[in-house]
Every structure is written in C-alpha cells, then in structure tokens.
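A.B. asks: This is the structure I have questions about; it appears just below.
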Amino acid sequence: MPHYGDYQNQIYGAGLQGVQPRLPVDFATLVERATAAMPPQVLTYVQGGCGDEWTQDENARAFRHWGMIPRMMVDTRARDLSIELFGLTLPSPVFMAPIGVTGLCTQDGHGDLAAARASAMTGVPLTASTLSNDPLEDVKAQCGDTPAFFQLYTPRDGALAESLIGRAEAAGYKALVVTLDTWVTGWRPRDLNVANFPQLRGAVLQNYFTDPVFRKLLGKPVAENLREAIGLWGANFARPITWDDIAWFRSATKLPIALKGICHPDDARRAADLGADAIYCSNHGGRQANGGIAAIDLLPGVVAAAGSTPVLFDSGVRSGSDVVKALALGARAVGVGRPYAYGLALDGDAGCAHVLKCILAEADLLMAVNGWPTVAAVREAGAQRV
Ligand code: FNR
C-alpha cells in the first residue's frame, strides 16, 4: 500500500538521476522563494496580518511549545491516515483552508482552478472561498474525485446568500463553512501602507459577478458597470452572524455546516448544542484581530467543549509535524493556509500539490517513526506543553 511518506523516495530517487526538487520541502525556504517571486501587492496581502502581527507570528511559534513522546515496539509499516468527516471518508486529515486571493496567486489569475487541480492530484480537499477569480462551479469541476467544501462570507442580502449556498450545493460541494470573524476587515497595516485591497479593484469577485441574484440587484451588465458592481459587492459583502442565525442556515441548506472562527470553549459548547456539524477553531491566521492567543493553544479547550462534534483547525500550520500536533490535541482535520498559496505562486498546481505532499509525507513519516499507525493512535498519545 503506498504511503504519503513515499514522496521522499521519489525525491531521493530523482536525485540519483541528477534531478533536484523544483521547490523546497521546508516552509522557511518556501517563504524565502515566494517572497522573492510574488508581485509585491499580492505578497503583501497573503503574507500580512493584523496590527503588528503578534497573533499571526504567535500562531506558528506556539507549535514549538507543544511536544510529543514517541512509542517504540509498534509495527507501523502499514499506516492509515484516513478520517471520517461530514459523512465522508477522507484519505488524510489535511484540507486546504479557504484563501480569498488564491486566484491572484498564479500569474494567469486562475489560481483557484490550480488549487482545485492540486486537490484532485493529492486527495486533499479544497475549501473554496467565496472570494474567487473563477466561479465556484468551475472551481469544483477541477477538483476531480476529491470532495470540496464551500466557504461562505454571508452577504447582507438574504436572497444573494441563498443563491450562493444553492449554487454551492448544486455544484456538489460537500459542506458549508460559514466564516464568523469577517463581517468587517481587520486592521492590516501592510495593505493599508500601500492602499491596496484587491476586491476594491474588482479582483476575486467572480462568484458575485456570475450570480443571478447579484446581477438582478445590479440591474445592468457587470462588465460595463464595474465600479457600480464593486460598490454593490462592498455594500453586501458580509453581515455579522449571531446565534439566532443558525436556524436560518439550517433552513437554507442540507449541507453539513462548519462554523469557522471559534476559539472560546463557551462558543464551542454553544455551537455544539445548536447542532453545528463541525466547529472550526481558527483565528483567521491572525489577519482579522491582533492580540489573540495562538490558535493551537486554544484548540484543547475548544475540543473539550465540543464534545462529540468534530473540530477542524487552522492557523499557523507550516509542516507535517504541526499537523500531527494539532491531531494530538484533538483536531479531527487540519487546514493548511499560507503554505499552499506560496506553492501556487511558485509553480501553480504542481507547486501547490508539492507543498501538500511534503506536509503529508512529514506527518506520515513522523507517525511511522513514533509508533502511531492511525490518527486515533496520535490522538490517544496526545501532546504536552513544554
Ligand atoms: C485567508 N483566510 C480566509 N478565510 C476565510 O474564511 N475566507 C477567506 O476568503 C479567507 N481568505 C484568506 C486570504 C489569505 C491571503 C489568507 C492568508 C487567509 C484565512 C484562512 O482560511 C486560514 O484561517 C488562515 O490562512 C490560517 O492561517 P495560516 O496558517 O495561513 O497562517
């Protein structure tokens, strides 16, 4: 049975033929390469965070104060990284977090399609953002047999929200990820210093511009009335979600619902009580609010409060060992964010797939060495604060 860790054999094998990997396998070198290669304003948007970026930095740094203890005398030649989520069996616990400028990360402006192809190549589900350079139907069509999730920024106009949800359902997305922390954009100095916000320039708005309800609201062709279309988007982008809205979401879709942005145990408990299908512990990679505690440090409290409701996690995941730590702390599935955006920027679908394969390979080999043949074994082993 092939294992994710076999990717290292491919790399070493290619080396014997004189072929070096096109992209680095570690995050630090990947960032260095991407920083040199990406257009400055895309880089700023992807790399930047809120305030002085303390939370953003802490998200990644905090993984360093969690550690695990290996177990020996276990035969881990056969490993199974599969998980159950939203009624699906997924081959690994890794997914792609929604990134709203994925479209801009490739030079051709079709990074969303490239990410979808990388998902098809790796079996790692894509969470497609509402903010996309290609319509959600086209993105889904490139995902192949790999299931995909749709992330919703809930428009103020109810009919528009219903339309986006209905389209996601019709296109075959398998879950709706409702983002709770972004009805307004956080204070992002790197973008403010260059006065650049891609959406206000008409980028990544194709889900709106192709939407029948949005077009009706606009009442005139988008192409000839771009300024007005962008203005309509701005006026409608998102509304604050409160607990009372859960019933509305339930009535609007049959898809499983994940609530993204939950960090407090009380919120996790309430979401579970109200029947959320998944709780998504994330602080948006420190892009929305500065000063928050690193998400990985909040994960154990969220998991304990969530009870039997699965917990998804992202924010600060940079490697396979980060994935395993998050699983050990109780995450059902772990989202990769910025690293895959850098992979896209450097080598399109192949670059994105490479980044995901490296993360999976490291996680798989770590489990092999440490005596954990399954995700359940990782969770049982746990992680400790060091
Ligand atoms: C995001 N994130 C995000 N989240 C979301 O729900 N919808 C979105 O459209 C976006 N867009 C977006 C753009 C960019 C450039 C980034 C970096 C992030 C947040 C994302 O889903 C995830 O929570 C973070 O990326 C996790 O942080 P790290 O691990 O990438 O630092």
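Ligands are numbered from 1 in the order shown, residues from 1 within each chain, and chains are lettered A, B, ... in the order they appear in the structure tokens.
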Give the alpha helix (DSSP H) residues of region 91-163 of chain A, as DSSP finds them on the backbone, and put them as a ChimeraX atom specification.
C.D. replies: /A:102-105,111-122,136-141,158-163
A.B. asks: Keeping only C-alpha atoms, take the residues you just selected and write them out as an mmCIF file, in the first residue's frame.
C.D. replies:
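This is the output file again-v2.cif:
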data_model
loop_
_atom_site.group_PDB
_atom_site.id
_atom_site.type_symbol
_atom_site.label_atom_id
_atom_site.label_comp_id
_atom_site.auth_asym_id
_atom_site.auth_seq_id
_atom_site.Cartn_x
_atom_site.Cartn_y
_atom_site.Cartn_z
ATOM 1 C CA THR A 102 -5.914 32.164 -4.364
ATOM 2 C CA GLY A 103 -6.942 33.345 -7.819
ATOM 3 C CA LEU A 104 -4.243 36.025 -7.816
ATOM 4 C CA CYS A 105 -1.510 33.720 -6.562
ATOM 5 C CA GLY A 111 -5.100 30.199 -9.039
ATOM 6 C CA ASP A 112 -8.446 28.909 -7.786
ATOM 7 C CA LEU A 113 -8.514 26.395 -10.637
ATOM 8 C CA ALA A 114 -4.874 25.484 -9.989
ATOM 9 C CA ALA A 115 -5.630 24.870 -6.293
ATOM 10 C CA ALA A 116 -8.585 22.699 -7.331
ATOM 11 C CA ARG A 117 -6.313 20.678 -9.633
ATOM 12 C CA ALA A 118 -3.821 20.276 -6.781
ATOM 13 C CA SER A 119 -6.691 18.964 -4.681
ATOM 14 C CA ALA A 120 -7.513 16.433 -7.408
ATOM 15 C CA MET A 121 -3.825 15.391 -7.566
ATOM 16 C CA THR A 122 -3.404 14.908 -3.827
ATOM 17 C CA LEU A 136 -17.447 28.205 -7.720
ATOM 18 C CA GLU A 137 -18.894 25.800 -10.313
ATOM 19 C CA ASP A 138 -15.707 25.968 -12.409
ATOM 20 C CA VAL A 139 -13.540 25.504 -9.336
ATOM 21 C CA LYS A 140 -15.493 22.435 -8.234
ATOM 22 C CA ALA A 141 -15.247 20.952 -11.721
ATOM 23 C CA GLY A 158 -30.650 37.208 2.144
ATOM 24 C CA ALA A 159 -31.567 36.231 -1.409
ATOM 25 C CA LEU A 160 -27.941 36.591 -2.506
ATOM 26 C CA ALA A 161 -26.815 34.446 0.422
ATOM 27 C CA GLU A 162 -29.379 31.783 -0.509
ATOM 28 C CA SER A 163 -28.270 31.921 -4.117
#
A.B. asks: What's the 12 Å shell around region 347-354 of chain A, counting only C-alpha atoms, without same-chain residues fewer than 6 positions away, as a compact mmCIF listing (two decimals) with all heavy atoms, in the first residue's frame?
C.D. replies:
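The file below, selection03.txt, is the result:
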# COMPACT_ATOMS: atom_id res chain seq x y z
N TYR A 4 2.00 8.22 2.17
CA TYR A 4 2.40 9.60 1.85
C TYR A 4 3.91 9.79 1.99
O TYR A 4 4.52 10.57 1.26
CB TYR A 4 1.66 10.58 2.76
CG TYR A 4 0.17 10.63 2.49
CD1 TYR A 4 -0.74 10.15 3.43
CD2 TYR A 4 -0.32 11.13 1.30
CE1 TYR A 4 -2.11 10.18 3.18
CE2 TYR A 4 -1.68 11.17 1.03
CZ TYR A 4 -2.57 10.69 1.99
OH TYR A 4 -3.92 10.72 1.72
N TYR A 7 6.82 9.90 -0.74
CA TYR A 7 7.24 11.07 -1.53
C TYR A 7 8.73 11.32 -1.36
O TYR A 7 9.40 11.78 -2.30
CB TYR A 7 6.42 12.29 -1.10
CG TYR A 7 6.52 13.47 -2.05
CD1 TYR A 7 6.42 13.32 -3.43
CD2 TYR A 7 6.71 14.77 -1.56
CE1 TYR A 7 6.51 14.40 -4.30
CE2 TYR A 7 6.79 15.86 -2.42
CZ TYR A 7 6.70 15.66 -3.79
OH TYR A 7 6.78 16.74 -4.64
N GLN A 8 9.26 10.99 -0.18
CA GLN A 8 10.71 11.22 -0.02
C GLN A 8 11.53 10.27 -0.90
O GLN A 8 12.60 10.64 -1.38
CB GLN A 8 11.14 11.16 1.45
CG GLN A 8 11.22 9.81 2.09
CD GLN A 8 11.91 9.92 3.46
OE1 GLN A 8 12.41 10.98 3.84
NE2 GLN A 8 11.95 8.83 4.22
N GLN A 10 10.64 9.30 -3.83
CA GLN A 10 10.60 9.91 -5.17
C GLN A 10 11.67 11.00 -5.28
O GLN A 10 12.35 11.13 -6.29
CB GLN A 10 9.24 10.55 -5.43
CG GLN A 10 8.14 9.57 -5.78
CD GLN A 10 6.82 10.30 -5.96
OE1 GLN A 10 6.76 11.40 -6.50
NE2 GLN A 10 5.75 9.70 -5.49
N ILE A 11 11.78 11.81 -4.23
CA ILE A 11 12.73 12.93 -4.26
C ILE A 11 14.17 12.40 -4.30
O ILE A 11 14.98 12.82 -5.13
CB ILE A 11 12.50 13.87 -3.06
CG1 ILE A 11 11.14 14.56 -3.19
CG2 ILE A 11 13.63 14.92 -2.96
CD1 ILE A 11 10.72 15.40 -2.00
N PRO A 21 14.63 18.73 -6.44
CA PRO A 21 13.24 19.19 -6.35
C PRO A 21 13.12 20.64 -6.85
O PRO A 21 14.00 21.46 -6.59
CB PRO A 21 12.90 19.12 -4.86
CG PRO A 21 14.10 18.61 -4.15
CD PRO A 21 15.21 18.39 -5.14
N ARG A 22 12.03 20.91 -7.62
CA ARG A 22 11.86 22.28 -8.15
C ARG A 22 11.59 23.28 -7.03
O ARG A 22 11.98 24.44 -7.11
CB ARG A 22 10.68 22.31 -9.12
CG ARG A 22 11.03 21.78 -10.50
CD ARG A 22 9.82 21.18 -11.16
NE ARG A 22 8.82 22.18 -11.48
CZ ARG A 22 8.65 22.70 -12.69
NH1 ARG A 22 9.47 22.32 -13.67
NH2 ARG A 22 7.71 23.56 -12.93
N LEU A 23 10.91 22.81 -6.00
CA LEU A 23 10.59 23.68 -4.87
C LEU A 23 11.17 23.08 -3.60
O LEU A 23 11.29 21.87 -3.48
CB LEU A 23 9.07 23.81 -4.70
CG LEU A 23 8.29 24.49 -5.81
CD1 LEU A 23 6.86 24.73 -5.36
CD2 LEU A 23 8.92 25.81 -6.20
N PRO A 24 11.46 23.93 -2.61
CA PRO A 24 11.97 23.40 -1.34
C PRO A 24 10.91 22.57 -0.63
O PRO A 24 9.72 22.72 -0.90
CB PRO A 24 12.30 24.67 -0.54
CG PRO A 24 11.54 25.77 -1.20
CD PRO A 24 11.37 25.40 -2.62
N VAL A 25 11.35 21.73 0.30
CA VAL A 25 10.40 20.91 1.05
C VAL A 25 10.07 21.52 2.41
O VAL A 25 9.17 21.06 3.08
CB VAL A 25 10.89 19.45 1.24
CG1 VAL A 25 11.24 18.81 -0.09
CG2 VAL A 25 12.06 19.39 2.20
N ASP A 26 10.81 22.56 2.80
CA ASP A 26 10.58 23.17 4.12
C ASP A 26 9.94 24.54 3.95
O ASP A 26 10.13 25.22 2.93
CB ASP A 26 11.90 23.30 4.88
CG ASP A 26 12.82 24.32 4.20
OD1 ASP A 26 13.25 24.06 3.06
OD2 ASP A 26 13.05 25.40 4.80
N PHE A 27 9.21 24.95 5.00
CA PHE A 27 8.45 26.19 4.91
C PHE A 27 9.35 27.44 4.84
O PHE A 27 9.09 28.35 4.06
CB PHE A 27 7.49 26.31 6.10
CG PHE A 27 6.65 27.55 6.04
CD1 PHE A 27 5.62 27.66 5.12
CD2 PHE A 27 6.89 28.62 6.89
CE1 PHE A 27 4.84 28.81 5.03
CE2 PHE A 27 6.13 29.78 6.81
CZ PHE A 27 5.10 29.88 5.88
N LEU A 30 10.62 27.94 1.45
CA LEU A 30 9.46 28.22 0.58
C LEU A 30 9.08 29.70 0.66
O LEU A 30 8.88 30.38 -0.35
CB LEU A 30 8.28 27.35 1.00
CG LEU A 30 7.01 27.43 0.15
CD1 LEU A 30 7.20 26.68 -1.17
CD2 LEU A 30 5.81 26.85 0.90
N ARG A 33 11.63 31.90 -1.09
CA ARG A 33 11.48 31.86 -2.55
C ARG A 33 10.24 32.63 -3.00
O ARG A 33 10.27 33.37 -3.99
CB ARG A 33 11.40 30.40 -3.03
CG ARG A 33 12.69 29.61 -2.87
CD ARG A 33 13.57 29.71 -4.13
NE ARG A 33 12.88 29.21 -5.31
CZ ARG A 33 12.82 27.94 -5.69
NH1 ARG A 33 13.46 27.03 -5.00
NH2 ARG A 33 12.18 27.59 -6.79
N ALA A 34 9.14 32.44 -2.28
CA ALA A 34 7.88 33.09 -2.67
C ALA A 34 8.00 34.61 -2.50
O ALA A 34 7.51 35.38 -3.32
CB ALA A 34 6.72 32.56 -1.84
N ALA A 37 9.58 36.01 -5.40
CA ALA A 37 8.92 35.81 -6.69
C ALA A 37 7.57 36.50 -6.83
O ALA A 37 7.17 36.84 -7.95
CB ALA A 37 8.73 34.31 -6.93
N MET A 38 6.85 36.71 -5.75
CA MET A 38 5.46 37.17 -5.88
C MET A 38 5.37 38.67 -6.16
O MET A 38 6.16 39.45 -5.63
CB MET A 38 4.65 36.83 -4.62
CG MET A 38 4.35 35.34 -4.49
SD MET A 38 3.66 34.88 -2.90
CE MET A 38 1.94 35.32 -3.11
N PHE A 95 -6.69 19.38 4.98
CA PHE A 95 -7.50 20.06 3.96
C PHE A 95 -6.90 21.43 3.69
O PHE A 95 -6.08 21.92 4.47
CB PHE A 95 -8.98 20.18 4.38
CG PHE A 95 -9.23 21.06 5.57
CD1 PHE A 95 -9.61 22.39 5.41
CD2 PHE A 95 -9.07 20.59 6.87
CE1 PHE A 95 -9.83 23.22 6.50
CE2 PHE A 95 -9.29 21.40 7.98
CZ PHE A 95 -9.68 22.72 7.79
N MET A 96 -7.33 22.04 2.57
CA MET A 96 -6.88 23.39 2.25
C MET A 96 -7.86 24.39 2.85
O MET A 96 -9.07 24.34 2.55
CB MET A 96 -6.80 23.59 0.74
CG MET A 96 -5.53 23.02 0.14
SD MET A 96 -5.42 23.43 -1.64
CE MET A 96 -5.96 21.88 -2.32
N THR A 102 -6.55 33.29 -3.67
CA THR A 102 -5.91 32.16 -4.36
C THR A 102 -5.84 32.44 -5.86
O THR A 102 -4.84 32.14 -6.52
CB THR A 102 -6.74 30.88 -4.11
OG1 THR A 102 -6.80 30.67 -2.70
CG2 THR A 102 -6.13 29.66 -4.76
N GLY A 103 -6.90 33.05 -6.38
CA GLY A 103 -6.94 33.35 -7.82
C GLY A 103 -5.77 34.18 -8.28
O GLY A 103 -5.25 34.00 -9.39
N LEU A 104 -5.33 35.11 -7.43
CA LEU A 104 -4.24 36.03 -7.82
C LEU A 104 -2.86 35.42 -7.59
O LEU A 104 -1.86 36.00 -8.00
CB LEU A 104 -4.33 37.33 -7.00
CG LEU A 104 -5.60 38.16 -7.13
CD1 LEU A 104 -5.48 39.41 -6.28
CD2 LEU A 104 -5.85 38.52 -8.59
N CYS A 105 -2.82 34.28 -6.92
CA CYS A 105 -1.51 33.72 -6.56
C CYS A 105 -0.78 33.13 -7.76
O CYS A 105 0.43 32.94 -7.71
CB CYS A 105 -1.65 32.68 -5.46
SG CYS A 105 -1.97 33.44 -3.86
N THR A 106 -1.51 32.79 -8.83
CA THR A 106 -0.80 32.36 -10.04
C THR A 106 -0.84 33.52 -11.05
O THR A 106 -1.78 34.32 -11.06
CB THR A 106 -1.45 31.11 -10.67
OG1 THR A 106 -2.83 31.38 -10.94
CG2 THR A 106 -1.35 29.90 -9.76
N GLN A 107 0.17 33.55 -11.88
CA GLN A 107 0.32 34.68 -12.82
C GLN A 107 -0.84 34.81 -13.79
O GLN A 107 -1.15 35.88 -14.26
CB GLN A 107 1.62 34.50 -13.63
CG GLN A 107 2.88 34.49 -12.79
CD GLN A 107 3.49 35.87 -12.62
OE1 GLN A 107 3.09 36.81 -13.27
NE2 GLN A 107 4.47 35.98 -11.74
N ASP A 108 -1.50 33.66 -14.10
CA ASP A 108 -2.60 33.70 -15.08
C ASP A 108 -3.92 34.14 -14.45
O ASP A 108 -4.94 34.23 -15.15
CB ASP A 108 -2.77 32.33 -15.76
CG ASP A 108 -3.25 31.25 -14.79
OD1 ASP A 108 -3.39 31.52 -13.58
OD2 ASP A 108 -3.49 30.11 -15.25
N GLY A 109 -3.93 34.37 -13.14
CA GLY A 109 -5.16 34.83 -12.48
C GLY A 109 -6.17 33.71 -12.25
O GLY A 109 -7.30 33.97 -11.83
N HIS A 110 -5.77 32.46 -12.50
CA HIS A 110 -6.68 31.34 -12.29
C HIS A 110 -6.15 30.40 -11.20
O HIS A 110 -6.21 29.17 -11.34
CB HIS A 110 -6.92 30.57 -13.59
CG HIS A 110 -7.66 31.40 -14.60
ND1 HIS A 110 -8.99 31.74 -14.48
CD2 HIS A 110 -7.22 32.01 -15.73
CE1 HIS A 110 -9.35 32.49 -15.51
NE2 HIS A 110 -8.30 32.69 -16.28
N GLY A 111 -5.65 30.99 -10.15
CA GLY A 111 -5.10 30.20 -9.04
C GLY A 111 -6.14 29.32 -8.36
O GLY A 111 -5.80 28.27 -7.80
N ASP A 112 -7.41 29.75 -8.40
CA ASP A 112 -8.45 28.91 -7.79
C ASP A 112 -8.54 27.57 -8.51
O ASP A 112 -8.71 26.52 -7.89
CB ASP A 112 -9.81 29.61 -7.83
CG ASP A 112 -9.78 30.93 -7.09
OD1 ASP A 112 -9.76 30.91 -5.85
OD2 ASP A 112 -9.76 31.99 -7.75
N LEU A 113 -8.45 27.63 -9.85
CA LEU A 113 -8.51 26.39 -10.64
C LEU A 113 -7.26 25.55 -10.39
O LEU A 113 -7.33 24.32 -10.33
CB LEU A 113 -8.65 26.71 -12.13
CG LEU A 113 -9.87 27.56 -12.53
CD1 LEU A 113 -9.91 27.76 -14.04
CD2 LEU A 113 -11.17 26.92 -12.05
N ALA A 114 -6.13 26.22 -10.24
CA ALA A 114 -4.87 25.48 -9.99
C ALA A 114 -4.94 24.80 -8.62
O ALA A 114 -4.52 23.64 -8.48
CB ALA A 114 -3.68 26.44 -10.05
N ALA A 115 -5.49 25.49 -7.63
CA ALA A 115 -5.63 24.87 -6.29
C ALA A 115 -6.57 23.67 -6.38
O ALA A 115 -6.33 22.63 -5.74
CB ALA A 115 -6.16 25.89 -5.29
N ALA A 116 -7.64 23.81 -7.17
CA ALA A 116 -8.58 22.70 -7.33
C ALA A 116 -7.89 21.50 -7.99
O ALA A 116 -8.09 20.35 -7.60
CB ALA A 116 -9.79 23.15 -8.15
N ARG A 117 -7.04 21.78 -8.98
CA ARG A 117 -6.31 20.68 -9.63
C ARG A 117 -5.34 20.01 -8.65
O ARG A 117 -5.17 18.79 -8.65
CB ARG A 117 -5.57 21.19 -10.87
CG ARG A 117 -6.48 21.51 -12.05
CD ARG A 117 -5.68 21.64 -13.34
NE ARG A 117 -4.72 22.74 -13.29
CZ ARG A 117 -5.01 24.01 -13.58
NH1 ARG A 117 -6.23 24.34 -13.95
NH2 ARG A 117 -4.08 24.95 -13.51
N ALA A 118 -4.73 20.84 -7.80
CA ALA A 118 -3.82 20.28 -6.78
C ALA A 118 -4.61 19.39 -5.82
O ALA A 118 -4.11 18.35 -5.36
CB ALA A 118 -3.11 21.40 -6.02
N SER A 119 -5.83 19.78 -5.53
CA SER A 119 -6.69 18.96 -4.68
C SER A 119 -6.96 17.62 -5.36
O SER A 119 -6.89 16.57 -4.73
CB SER A 119 -8.00 19.73 -4.41
OG SER A 119 -8.95 18.90 -3.81
N ALA A 120 -7.27 17.68 -6.66
CA ALA A 120 -7.51 16.43 -7.41
C ALA A 120 -6.26 15.55 -7.40
O ALA A 120 -6.35 14.33 -7.28
CB ALA A 120 -7.93 16.76 -8.84
N MET A 121 -5.08 16.17 -7.50
CA MET A 121 -3.83 15.39 -7.57
C MET A 121 -3.48 14.73 -6.24
O MET A 121 -2.82 13.69 -6.22
CB MET A 121 -2.64 16.32 -7.89
CG MET A 121 -2.62 16.91 -9.27
SD MET A 121 -1.25 18.13 -9.26
CE MET A 121 -1.51 18.96 -10.76
N THR A 122 -3.88 15.37 -5.14
CA THR A 122 -3.40 14.91 -3.83
C THR A 122 -4.48 14.25 -2.97
O THR A 122 -4.16 13.64 -1.95
CB THR A 122 -2.85 16.11 -3.02
OG1 THR A 122 -3.91 17.10 -2.92
CG2 THR A 122 -1.64 16.74 -3.69
N GLY A 123 -5.75 14.46 -3.31
CA GLY A 123 -6.84 13.96 -2.44
C GLY A 123 -7.06 14.84 -1.22
O GLY A 123 -7.79 14.47 -0.31
N VAL A 124 -6.41 16.00 -1.20
CA VAL A 124 -6.60 16.94 -0.08
C VAL A 124 -7.75 17.89 -0.44
O VAL A 124 -7.66 18.64 -1.42
CB VAL A 124 -5.31 17.77 0.15
CG1 VAL A 124 -5.53 18.85 1.20
CG2 VAL A 124 -4.17 16.85 0.58
N PRO A 125 -8.85 17.86 0.33
CA PRO A 125 -10.00 18.69 -0.05
C PRO A 125 -9.67 20.18 -0.03
O PRO A 125 -8.94 20.66 0.84
CB PRO A 125 -11.04 18.37 1.03
CG PRO A 125 -10.64 17.06 1.60
CD PRO A 125 -9.13 17.02 1.51
N LEU A 126 -10.26 20.88 -1.00
CA LEU A 126 -10.14 22.34 -1.06
C LEU A 126 -11.37 22.95 -0.41
O LEU A 126 -12.49 22.53 -0.68
CB LEU A 126 -10.08 22.77 -2.53
CG LEU A 126 -10.18 24.28 -2.82
CD1 LEU A 126 -8.94 25.02 -2.32
CD2 LEU A 126 -10.37 24.54 -4.31
N GLN A 142 -12.85 21.26 -11.30
CA GLN A 142 -11.42 20.89 -11.40
C GLN A 142 -10.95 20.03 -10.23
O GLN A 142 -9.78 19.66 -10.18
CB GLN A 142 -10.55 22.15 -11.46
CG GLN A 142 -10.85 23.07 -12.63
CD GLN A 142 -10.25 22.58 -13.93
OE1 GLN A 142 -9.13 22.08 -13.95
NE2 GLN A 142 -11.00 22.68 -15.02
N CYS A 143 -11.85 19.76 -9.28
CA CYS A 143 -11.42 19.02 -8.08
C CYS A 143 -11.38 17.51 -8.30
O CYS A 143 -10.97 16.77 -7.40
CB CYS A 143 -12.33 19.33 -6.89
SG CYS A 143 -12.17 21.02 -6.27
N VAL A 336 -4.38 23.65 6.02
CA VAL A 336 -3.16 24.34 5.58
C VAL A 336 -3.60 25.62 4.89
O VAL A 336 -4.50 25.60 4.05
CB VAL A 336 -2.37 23.45 4.61
CG1 VAL A 336 -1.18 24.20 4.02
CG2 VAL A 336 -1.94 22.16 5.29
N GLY A 337 -2.98 26.73 5.24
CA GLY A 337 -3.34 28.01 4.64
C GLY A 337 -2.23 28.58 3.78
O GLY A 337 -1.96 28.11 2.66
N ARG A 338 -1.51 29.56 4.31
CA ARG A 338 -0.50 30.28 3.53
C ARG A 338 0.48 29.38 2.77
O ARG A 338 0.84 29.70 1.63
CB ARG A 338 0.26 31.26 4.42
CG ARG A 338 -0.60 32.47 4.83
CD ARG A 338 0.20 33.39 5.73
NE ARG A 338 -0.48 34.65 6.00
CZ ARG A 338 -1.19 34.90 7.11
NH1 ARG A 338 -1.35 33.95 8.03
NH2 ARG A 338 -1.75 36.07 7.31
N PRO A 339 0.95 28.24 3.36
CA PRO A 339 1.94 27.45 2.62
C PRO A 339 1.47 27.07 1.21
O PRO A 339 2.25 27.13 0.25
CB PRO A 339 2.14 26.21 3.50
CG PRO A 339 1.83 26.69 4.88
CD PRO A 339 0.72 27.70 4.71
N TYR A 340 0.19 26.71 1.04
CA TYR A 340 -0.21 26.30 -0.32
C TYR A 340 -0.31 27.49 -1.26
O TYR A 340 -0.12 27.36 -2.48
CB TYR A 340 -1.47 25.42 -0.30
CG TYR A 340 -2.83 26.08 -0.25
CD1 TYR A 340 -3.41 26.63 -1.40
CD2 TYR A 340 -3.57 26.10 0.91
CE1 TYR A 340 -4.68 27.20 -1.37
CE2 TYR A 340 -4.85 26.65 0.96
CZ TYR A 340 -5.39 27.21 -0.18
OH TYR A 340 -6.64 27.77 -0.15
N ALA A 341 -0.60 28.68 -0.69
CA ALA A 341 -0.61 29.89 -1.54
C ALA A 341 0.78 30.14 -2.10
O ALA A 341 0.94 30.52 -3.28
CB ALA A 341 -1.09 31.10 -0.73
N LEU A 360 2.09 16.13 4.03
CA LEU A 360 1.56 14.79 4.28
C LEU A 360 2.68 13.78 4.52
O LEU A 360 2.57 12.91 5.39
CB LEU A 360 0.71 14.34 3.08
CG LEU A 360 -0.67 14.99 2.98
CD1 LEU A 360 -1.28 14.73 1.60
CD2 LEU A 360 -1.59 14.46 4.08
N ALA A 361 3.76 13.92 3.74
CA ALA A 361 4.88 12.97 3.88
C ALA A 361 5.50 13.10 5.26
O ALA A 361 5.77 12.10 5.93
CB ALA A 361 5.92 13.22 2.79
A.B. asks: Within 9 Å of ligand 1, counting only C-alpha atoms and all ligand atoms, which protein or nucleic acid residues do you find, written as a PyMOL selection string?
C.D. replies: chain A and resi 42-49+56-57+59-60+96-102+127-132+151-153+177-182+260-261+281-288+313-318+335-341
A.B. asks: If DSSP is run on the backbone, what residues of region 151-278 of chain A are strand (DSSP E)? A reply as number ranges by chain would be ideal.
C.D. replies: A: 151-152, 176-179, 257-260, 278
A.B. asks: Can you list, as a PyMOL selection string, every protein, DNA or RNA residue that comes within 12 Å of region 76-83 of chain A when you count only C-alpha atoms, leaving out same-chain residues fewer than 2 positions away?
C.D. replies: chain A and resi 1-6+71-74+85-95+123-124+310+312+323-324+327+331-334+360-361+363-379
A.B. asks: Could you jot down the CA of Gly320 (chain A) to CA of Tyr342 (chain A) separation for me, Å, one decimal place?
C.D. replies: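 Taking CA of Gly320 (chain A) as the start and CA of Tyr342 (chain A) as the end point, the length is 16.3 Å.
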A.B. asks: In Å to one decimal, how far is CA of Ala278 (chain A) from CA of Asn207 (chain A)?
C.D. replies: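 Atom-to-atom, CA of Asn207 (chain A) and CA of Ala278 (chain A) are spaced 24.5 Å apart.
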A.B. asks: Could you check which of A:His264, A:Arg188, A:Arg61, A:Arg201 is closest to Trp233 (chain A), using only C-alpha atoms?
C.D. replies: A:Arg201
A.B. asks: Can you work out which one of A:Trp243, A:Phe149, A:Phe249, A:Phe209 has the shortest atom-to-atom distance to Arg270 (chain A), counting only C-alpha atoms?
C.D. replies: A:Trp243
